[in-house]
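Here's work-v6.cif, which has mmCIF, C-alpha atoms:
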data_model
loop_
_atom_site.label_atom_id
_atom_site.label_comp_id
_atom_site.auth_asym_id
_atom_site.auth_seq_id
_atom_site.Cartn_x
_atom_site.Cartn_y
_atom_site.Cartn_z
CA MET A 266 23.13 39.03 -0.53
CA ALA A 267 24.65 40.65 -3.59
CA GLY A 268 24.76 37.56 -5.81
CA PHE A 269 22.13 35.64 -7.76
CA PHE A 270 21.21 32.00 -7.10
CA LEU A 271 20.13 30.16 -10.24
CA THR A 272 19.26 26.45 -10.39
CA LEU A 273 18.89 24.04 -13.30
CA GLU A 274 16.41 21.22 -12.80
CA GLY A 275 14.69 18.51 -14.80
CA PRO A 276 14.19 14.78 -15.27
CA GLU A 277 16.92 12.31 -16.15
CA GLY A 278 18.61 12.93 -19.49
CA ALA A 279 17.57 16.57 -19.75
CA GLY A 280 21.19 17.73 -20.01
CA LYS A 281 21.54 19.66 -16.77
CA THR A 282 25.25 18.90 -16.34
CA THR A 283 26.07 19.92 -19.92
CA HIS A 284 24.01 23.09 -19.75
CA THR A 285 25.41 24.09 -16.36
CA ARG A 286 28.87 24.05 -17.94
CA LEU A 287 27.79 25.85 -21.14
CA LEU A 288 25.80 28.50 -19.29
CA ALA A 289 28.66 29.19 -16.89
CA ARG A 290 30.96 29.80 -19.86
CA VAL A 291 28.49 32.20 -21.52
CA LEU A 292 27.96 34.22 -18.35
CA GLN A 293 31.69 34.41 -17.67
CA GLN A 294 32.17 35.81 -21.17
CA GLU A 295 29.51 38.42 -20.33
CA GLY A 296 31.62 39.50 -17.36
CA TYR A 297 29.76 37.80 -14.54
CA GLN A 298 31.56 36.15 -11.64
CA VAL A 299 30.21 32.59 -11.82
CA VAL A 300 30.33 29.61 -9.47
CA ALA A 301 29.00 26.38 -11.02
CA THR A 302 28.26 23.48 -8.70
CA ARG A 303 25.99 20.45 -8.35
CA GLU A 304 23.82 18.44 -5.98
CA PRO A 305 24.38 16.20 -4.34
CA GLY A 306 28.00 17.29 -4.34
CA GLY A 307 30.00 20.49 -4.27
CA THR A 308 31.79 19.57 -1.04
CA ARG A 309 33.75 16.54 0.18
CA LEU A 310 30.75 15.45 2.25
CA GLY A 311 28.36 16.09 -0.60
CA GLU A 312 30.37 14.01 -3.05
CA ALA A 313 30.55 11.14 -0.57
CA VAL A 314 26.78 11.29 -0.09
CA ARG A 315 26.34 11.42 -3.87
CA THR A 316 28.28 8.19 -4.26
CA LEU A 317 26.16 6.51 -1.60
CA LEU A 318 22.84 7.73 -3.02
CA LEU A 319 23.52 6.92 -6.65
CA ALA A 320 25.42 3.63 -6.37
CA GLN A 321 23.40 0.64 -7.57
CA ASP A 322 24.81 -1.55 -4.77
CA THR A 323 23.38 0.79 -2.12
CA GLY A 324 20.03 -0.82 -2.88
CA ALA A 325 16.64 0.47 -1.78
CA ILE A 326 16.54 3.40 0.67
CA SER A 327 13.41 4.44 2.53
CA PRO A 328 12.02 7.72 1.13
CA MET A 329 12.66 9.71 4.30
CA ALA A 330 16.19 8.37 4.77
CA GLU A 331 16.92 9.24 1.12
CA THR A 332 15.56 12.75 1.67
CA LEU A 333 17.61 13.34 4.80
CA LEU A 334 20.79 12.22 3.05
CA TYR A 335 20.17 14.69 0.24
CA LEU A 336 19.43 17.45 2.74
CA ALA A 337 22.52 16.72 4.84
CA ALA A 338 24.61 17.20 1.69
CA ARG A 339 22.64 20.36 0.88
CA ALA A 340 23.14 21.87 4.32
CA GLU A 341 26.91 21.50 3.95
CA HIS A 342 26.79 22.75 0.36
CA VAL A 343 24.90 25.91 1.27
CA ALA A 344 27.12 26.65 4.26
CA ARG A 345 30.46 25.96 2.56
CA VAL A 346 29.91 26.91 -1.08
CA ILE A 347 26.64 28.54 -2.12
CA ARG A 348 26.06 31.19 0.56
CA PRO A 349 29.74 32.33 0.65
CA ALA A 350 29.73 32.68 -3.15
CA LEU A 351 26.51 34.69 -3.12
CA GLU A 352 27.96 36.99 -0.47
CA THR A 353 30.83 37.86 -2.86
CA GLY A 354 28.32 38.83 -5.57
CA ALA A 355 28.68 35.72 -7.74
CA VAL A 356 26.04 34.16 -9.94
CA VAL A 357 25.75 30.63 -8.55
CA ILE A 358 24.54 28.00 -11.00
CA CYS A 359 23.55 24.78 -9.25
CA ASP A 360 22.75 21.55 -11.07
CA ARG A 361 19.73 20.45 -8.96
CA PHE A 362 18.47 21.90 -5.68
CA LEU A 363 15.09 22.34 -3.97
CA HIS A 364 12.85 21.42 -6.89
CA SER A 365 14.58 18.07 -7.34
CA THR A 366 13.70 17.23 -3.74
CA LEU A 367 10.06 18.16 -4.37
CA ALA A 368 9.88 16.30 -7.69
CA TYR A 369 11.80 13.14 -6.75
CA GLN A 370 11.01 12.64 -3.08
CA GLY A 371 7.62 14.37 -3.24
CA TYR A 372 5.98 13.45 -6.54
CA GLY A 373 8.21 10.43 -7.14
CA ARG A 374 8.38 8.87 -3.65
CA GLY A 375 5.10 10.24 -2.28
CA LEU A 376 6.36 12.30 0.67
CA PRO A 377 4.25 15.38 1.55
CA LEU A 378 5.49 18.53 -0.16
CA GLY A 379 4.86 20.61 2.97
CA VAL A 380 7.14 18.36 5.03
CA LEU A 381 9.86 18.52 2.35
CA LEU A 382 9.66 22.33 2.23
CA GLU A 383 10.04 22.58 6.01
CA LEU A 384 12.99 20.19 6.06
CA ASN A 385 14.64 22.07 3.21
CA ARG A 386 14.10 25.38 4.99
CA ALA A 387 15.84 24.02 8.06
CA ALA A 388 18.74 22.57 6.03
CA THR A 389 19.36 25.78 4.08
CA ALA A 390 18.50 28.36 6.77
CA GLY A 391 15.80 29.60 4.42
CA LEU A 392 17.91 29.96 1.27
CA GLU A 393 15.92 29.42 -1.93
CA PRO A 394 16.84 29.94 -5.59
CA ASP A 395 16.26 33.37 -7.10
CA HIS A 396 15.19 31.62 -10.29
CA THR A 397 14.91 28.02 -11.45
CA PHE A 398 15.02 26.71 -15.01
CA VAL A 399 13.49 23.30 -15.64
CA LEU A 400 15.05 21.59 -18.64
CA ASP A 401 12.20 19.44 -19.89
CA VAL A 402 12.48 16.23 -21.87
CA ASP A 403 10.11 13.38 -22.65
CA VAL A 404 10.78 10.56 -20.18
CA ALA A 405 11.49 7.90 -22.79
CA GLU A 406 13.80 10.20 -24.73
CA GLY A 407 15.61 11.26 -21.57
CA LEU A 408 16.24 7.69 -20.46
CA GLN A 409 17.45 6.84 -23.95
CA ARG A 410 19.98 9.67 -23.67
CA VAL A 411 21.16 8.24 -20.34
CA GLY A 412 21.97 4.90 -21.99
CA ARG A 413 22.09 1.41 -20.56
CA THR A 414 24.51 2.08 -17.71
CA ARG A 415 22.33 3.74 -15.08
CA ASP A 416 22.72 4.84 -11.48
CA ARG A 417 20.30 3.89 -8.70
CA LEU A 418 17.81 6.65 -9.51
CA GLU A 419 18.09 6.39 -13.28
CA ALA A 420 17.29 2.67 -12.93
CA GLU A 421 13.88 3.33 -11.32
CA ASP A 422 10.85 2.18 -13.32
CA ILE A 423 9.38 4.45 -15.95
CA SER A 424 6.29 5.31 -13.86
CA PHE A 425 8.58 6.86 -11.23
CA HIS A 426 10.26 9.02 -13.86
CA GLN A 427 6.89 10.05 -15.28
CA ARG A 428 5.75 11.20 -11.83
CA VAL A 429 9.00 13.14 -11.41
CA ARG A 430 8.62 14.92 -14.75
CA GLN A 431 4.99 15.73 -14.01
CA GLY A 432 6.11 17.12 -10.67
CA PHE A 433 8.59 19.48 -12.27
CA LEU A 434 5.94 20.72 -14.71
CA GLU A 435 3.32 21.21 -12.00
CA LEU A 436 5.78 23.10 -9.79
CA ALA A 437 6.72 25.32 -12.74
CA ALA A 438 3.06 26.06 -13.47
CA ARG A 439 2.55 27.23 -9.89
CA GLU A 440 5.69 29.29 -9.36
CA GLN A 441 6.53 32.55 -11.10
CA ARG A 442 10.26 32.07 -10.46
CA VAL A 443 10.36 28.77 -12.38
CA THR A 444 10.78 28.70 -16.18
CA VAL A 445 10.46 25.59 -18.35
CA VAL A 446 12.98 25.24 -21.20
CA PRO A 447 12.26 22.47 -23.76
CA THR A 448 15.31 20.49 -24.83
CA GLY A 449 13.96 18.74 -27.91
CA GLY A 450 15.86 20.99 -30.33
CA GLY A 451 19.28 19.62 -29.39
CA ILE A 452 22.14 20.91 -27.27
CA GLU A 453 23.04 24.01 -29.30
CA ALA A 454 19.46 25.25 -29.65
CA THR A 455 18.70 24.56 -25.99
CA ALA A 456 21.88 26.31 -24.85
CA GLY A 457 20.98 29.43 -26.85
CA LEU A 458 17.40 29.45 -25.58
CA LEU A 459 18.49 28.96 -21.97
CA ALA A 460 21.21 31.62 -22.14
CA GLY A 461 18.76 34.14 -23.55
CA LYS A 462 16.21 33.51 -20.79
CA VAL A 463 18.88 33.63 -18.07
CA LYS A 464 20.23 36.96 -19.35
CA GLU A 465 16.71 38.40 -19.28
CA VAL A 466 16.25 37.31 -15.66
CA LEU A 467 19.65 38.71 -14.64
CA ARG A 468 18.94 42.05 -16.34
CA ALA A 469 15.60 42.28 -14.57
CA HIS A 470 17.27 41.47 -11.26
CA ALA A 471 19.91 44.16 -11.82
CA GLY A 472 17.19 46.67 -12.65
CA ARG A 473 15.46 46.07 -9.32
CA LYS A 474 18.57 46.85 -7.26
#
Same coordinates, now as structure tokens:
Amino acid sequence: MAGFFLTLEGPEGAGKTTHTRLLARVLQQEGYQVVATREPGGTRLGEAVRTLLLAQDTGAISPMAETLLYLAARAEHVARVIRPALETGAVVICDRFLHSTLAYQGYGRGLPLGVLLELNRAATAGLEPDHTFVLDVDVAEGLQRVGRTRDRLEAEDISFHQRVRQGFLELAAREQRVTVVPTGGGIEATAGLLAGKVKEVLRAHAGRK
């Protein structure tokens, strides 16, 4: 495919939604065709699943059922939005994707990473990000940014969020295509740092064509 698939990941309060929007604007100004989207979401089905998964009144969901709901939304998202955009040559920026599944349902919920990778491969027909940027934030600081009104996942206990953050960092340490971006310097500093790293990756990708 001619496009480039870029994902933004990280624990709660890291600013993924804000930085997806800011990064899309920067890349558009650089002349790139950009499609910005999110998970779960991006399609009518995905947004409905998002509401179900994040609503407090949904209550507890078994780890595997939760995983399969996320992956059902992802399968539709890849088929309807992400793969078609990549085929047109767009840079696709997705707020959460594979590494959130590994961090939340793997490290957080305790499901085997190998099983999650196989399920994800089936749901996406093998599509994986070209590069992933993990926006990192201390758990306590991130939850403070979220505020008191929290969705079902944000409301999990702090030990869950600590396992999730550790998962993101361990995955980044193991994978060359994952870059950690600290967010402690504030939105403007983080946006500049992220944009610079993304431009480097895109230039390197263009040079390999």
For this session: Using only C-alpha atoms, pick whichever of A:Gln298, A:Gln427, A:Val445, A:Leu458 has the shortest atom-to-atom distance to Pro276 (chain A).
Result: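 The answer is A:Gln427, which sits nearest to Pro276 (chain A).
Within the 12 Å cut-off around Leu378 (chain A), using only C-alpha atoms and omitting residues fewer than 3 positions from it on the same chain, the listed residues are A:Thr332, A:Leu363, A:His364, A:Ser365, A:Thr366, A:Leu367, A:Ala368, A:Tyr369, A:Gln370, A:Gly371, A:Tyr372, A:Gly373, A:Arg374, A:Gly375, A:Leu381, A:Leu382, A:Glu383, A:Leu384, A:Asn385, A:Gly432, A:Leu436.
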Problem set entry | Given only C-alpha atoms as the counted atoms, nearest of A:Leu418, A:Leu351, A:Val463, A:Ala471 to Leu319 (chain A) | A:Leu418
For this session: Name the residues that the PyMOL selection byres ((chain A and resi 359-362) around 9) picks from the file above, as a list in words, using the file's chain letters and numbers.
Result: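 The output of the PyMOL selection byres ((chain A and resi 359-362) around 9) on this file is Phe270, Leu271, Thr272, Leu273, Glu274, Gly275, Lys281, Thr282, His284, Thr285, Val300, Ala301, Thr302, Arg303, Glu304, Pro305, Arg339, Ile347, Val357, Ile358, Leu363, His364, Ser365, Thr366, Glu393 and Pro394 of chain A.
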Exercise. Quick one: distance from CA of Ala355 (chain A) to CA of Ala338 (chain A) in Å, one decimal?
Worked result: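 Those two atoms sit 21.2 Å apart.
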Exercise. Pick the closest to Val399 (chain A) from A:Tyr297, A:Phe425, A:Phe433, A:Tyr335: which is it, counting all atoms listed in the file?
Worked result: A:Phe433
For this session: Taking the file as shown, find all residues satisfying the PyMOL selection byres ((chain A and resi 340-343) around 7) and write them as an MDAnalysis selection string.
Result: chainID A and resid 307:308 311 336:339 344:348 388:389
Would you list the contacts of Arg442 (chain A) as a compact mmCIF listing (two decimals) with C-alpha atoms, in the coordinates of the input, taking every protein, DNA or RNA residue within 10 Å and counting all atoms listed in the file, but skipping same-chain residues closer than 4 positions in sequence?
# COMPACT_ATOMS: atom_id res chain seq x y z
CA PRO A 394 16.84 29.94 -5.59
CA ASP A 395 16.26 33.37 -7.10
CA HIS A 396 15.19 31.62 -10.29
CA THR A 397 14.91 28.02 -11.45
CA PHE A 398 15.02 26.71 -15.01
CA ALA A 437 6.72 25.32 -12.74
CA ALA A 438 3.06 26.06 -13.47
CA VAL A 466 16.25 37.31 -15.66
Seminar exercise, completed: A straight line from CA of Gly412 (chain A) to CA of Arg290 (chain A) spans 26.6 Å
Mind giving me the axis-aligned box for region 358-377 of chain A with 8 Å on every side, centre plus edges in Å to one decimal, as JSON?
{"center_x": 14.4, "center_y": 18.4, "center_z": -4.8, "size_x": 36.3, "size_y": 35.1, "size_z": 28.6}
For this session: Compare A:Ala460, A:Ile423, A:Leu334, A:Val356 by their minimum atom-to-atom distance to Gln409 (chain A), counting all atoms listed in the file, and give me the closest one.
Result: A:Ile423
Rebuild N, CA and C atoms on region 340-367 of chain A, as a JSON list (two decimals), keeping the file's coordinate frame?
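So the final result, stored in part_0.json, reads:
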[["chain", "number", "residue", "atom", "x", "y", "z"],
["A", 340, "ALA", "N", 22.81, 20.97, 3.22],
["A", 340, "ALA", "CA", 23.14, 21.87, 4.32],
["A", 340, "ALA", "C", 24.62, 22.25, 4.28],
["A", 341, "GLU", "N", 25.47, 21.25, 4.04],
["A", 341, "GLU", "CA", 26.91, 21.50, 3.95],
["A", 341, "GLU", "C", 27.24, 22.34, 2.71],
["A", 342, "HIS", "N", 26.57, 22.04, 1.62],
["A", 342, "HIS", "CA", 26.79, 22.75, 0.36],
["A", 342, "HIS", "C", 26.46, 24.24, 0.49],
["A", 343, "VAL", "N", 25.31, 24.51, 1.09],
["A", 343, "VAL", "CA", 24.90, 25.91, 1.27],
["A", 343, "VAL", "C", 25.87, 26.64, 2.19],
["A", 344, "ALA", "N", 26.25, 26.00, 3.28],
["A", 344, "ALA", "CA", 27.12, 26.65, 4.26],
["A", 344, "ALA", "C", 28.53, 26.88, 3.73],
["A", 345, "ARG", "N", 29.05, 25.92, 2.97],
["A", 345, "ARG", "CA", 30.46, 25.96, 2.56],
["A", 345, "ARG", "C", 30.68, 26.59, 1.20],
["A", 346, "VAL", "N", 29.69, 26.49, 0.30],
["A", 346, "VAL", "CA", 29.91, 26.91, -1.08],
["A", 346, "VAL", "C", 28.92, 27.98, -1.54],
["A", 347, "ILE", "N", 27.63, 27.68, -1.47],
["A", 347, "ILE", "CA", 26.64, 28.54, -2.12],
["A", 347, "ILE", "C", 26.51, 29.89, -1.44],
["A", 348, "ARG", "N", 26.25, 29.91, -0.13],
["A", 348, "ARG", "CA", 26.06, 31.19, 0.56],
["A", 348, "ARG", "C", 27.33, 32.06, 0.51],
["A", 349, "PRO", "N", 28.53, 31.50, 0.77],
["A", 349, "PRO", "CA", 29.74, 32.33, 0.65],
["A", 349, "PRO", "C", 29.92, 32.92, -0.74],
["A", 350, "ALA", "N", 29.61, 32.16, -1.79],
["A", 350, "ALA", "CA", 29.73, 32.68, -3.15],
["A", 350, "ALA", "C", 28.74, 33.81, -3.40],
["A", 351, "LEU", "N", 27.51, 33.64, -2.95],
["A", 351, "LEU", "CA", 26.51, 34.69, -3.12],
["A", 351, "LEU", "C", 26.92, 35.97, -2.39],
["A", 352, "GLU", "N", 27.54, 35.82, -1.25],
["A", 352, "GLU", "CA", 27.96, 36.99, -0.47],
["A", 352, "GLU", "C", 29.07, 37.78, -1.17],
["A", 353, "THR", "N", 29.80, 37.15, -2.09],
["A", 353, "THR", "CA", 30.83, 37.86, -2.86],
["A", 353, "THR", "C", 30.25, 38.49, -4.12],
["A", 354, "GLY", "N", 28.95, 38.26, -4.39],
["A", 354, "GLY", "CA", 28.32, 38.83, -5.57],
["A", 354, "GLY", "C", 28.29, 37.91, -6.77],
["A", 355, "ALA", "N", 28.63, 36.65, -6.61],
["A", 355, "ALA", "CA", 28.68, 35.72, -7.74],
["A", 355, "ALA", "C", 27.29, 35.29, -8.17],
["A", 356, "VAL", "N", 27.19, 34.91, -9.45],
["A", 356, "VAL", "CA", 26.04, 34.16, -9.94],
["A", 356, "VAL", "C", 26.35, 32.69, -9.68],
["A", 357, "VAL", "N", 25.57, 32.06, -8.85],
["A", 357, "VAL", "CA", 25.75, 30.63, -8.55],
["A", 357, "VAL", "C", 24.79, 29.83, -9.41],
["A", 358, "ILE", "N", 25.35, 28.91, -10.19],
["A", 358, "ILE", "CA", 24.54, 28.00, -11.00],
["A", 358, "ILE", "C", 24.65, 26.62, -10.37],
["A", 359, "CYS", "N", 23.53, 26.09, -9.92],
["A", 359, "CYS", "CA", 23.55, 24.78, -9.25],
["A", 359, "CYS", "C", 22.73, 23.78, -10.05],
["A", 360, "ASP", "N", 23.38, 22.68, -10.40],
["A", 360, "ASP", "CA", 22.75, 21.55, -11.07],
["A", 360, "ASP", "C", 21.99, 20.75, -10.01],
["A", 361, "ARG", "N", 20.68, 21.00, -9.92],
["A", 361, "ARG", "CA", 19.73, 20.45, -8.96],
["A", 361, "ARG", "C", 19.78, 21.17, -7.61],
["A", 362, "PHE", "N", 18.58, 21.31, -7.01],
["A", 362, "PHE", "CA", 18.47, 21.90, -5.68],
["A", 362, "PHE", "C", 17.08, 21.57, -5.15],
["A", 363, "LEU", "N", 16.37, 22.55, -4.64],
["A", 363, "LEU", "CA", 15.09, 22.34, -3.97],
["A", 363, "LEU", "C", 14.07, 21.60, -4.82],
["A", 364, "HIS", "N", 13.92, 21.99, -6.08],
["A", 364, "HIS", "CA", 12.85, 21.42, -6.89],
["A", 364, "HIS", "C", 13.08, 19.94, -7.21],
["A", 365, "SER", "N", 14.33, 19.50, -7.19],
["A", 365, "SER", "CA", 14.58, 18.07, -7.34],
["A", 365, "SER", "C", 14.06, 17.31, -6.13],
["A", 366, "THR", "N", 14.24, 17.87, -4.95],
["A", 366, "THR", "CA", 13.70, 17.23, -3.74],
["A", 366, "THR", "C", 12.18, 17.11, -3.84],
["A", 367, "LEU", "N", 11.53, 18.18, -4.26],
["A", 367, "LEU", "CA", 10.06, 18.16, -4.37],
["A", 367, "LEU", "C", 9.60, 17.18, -5.45]]
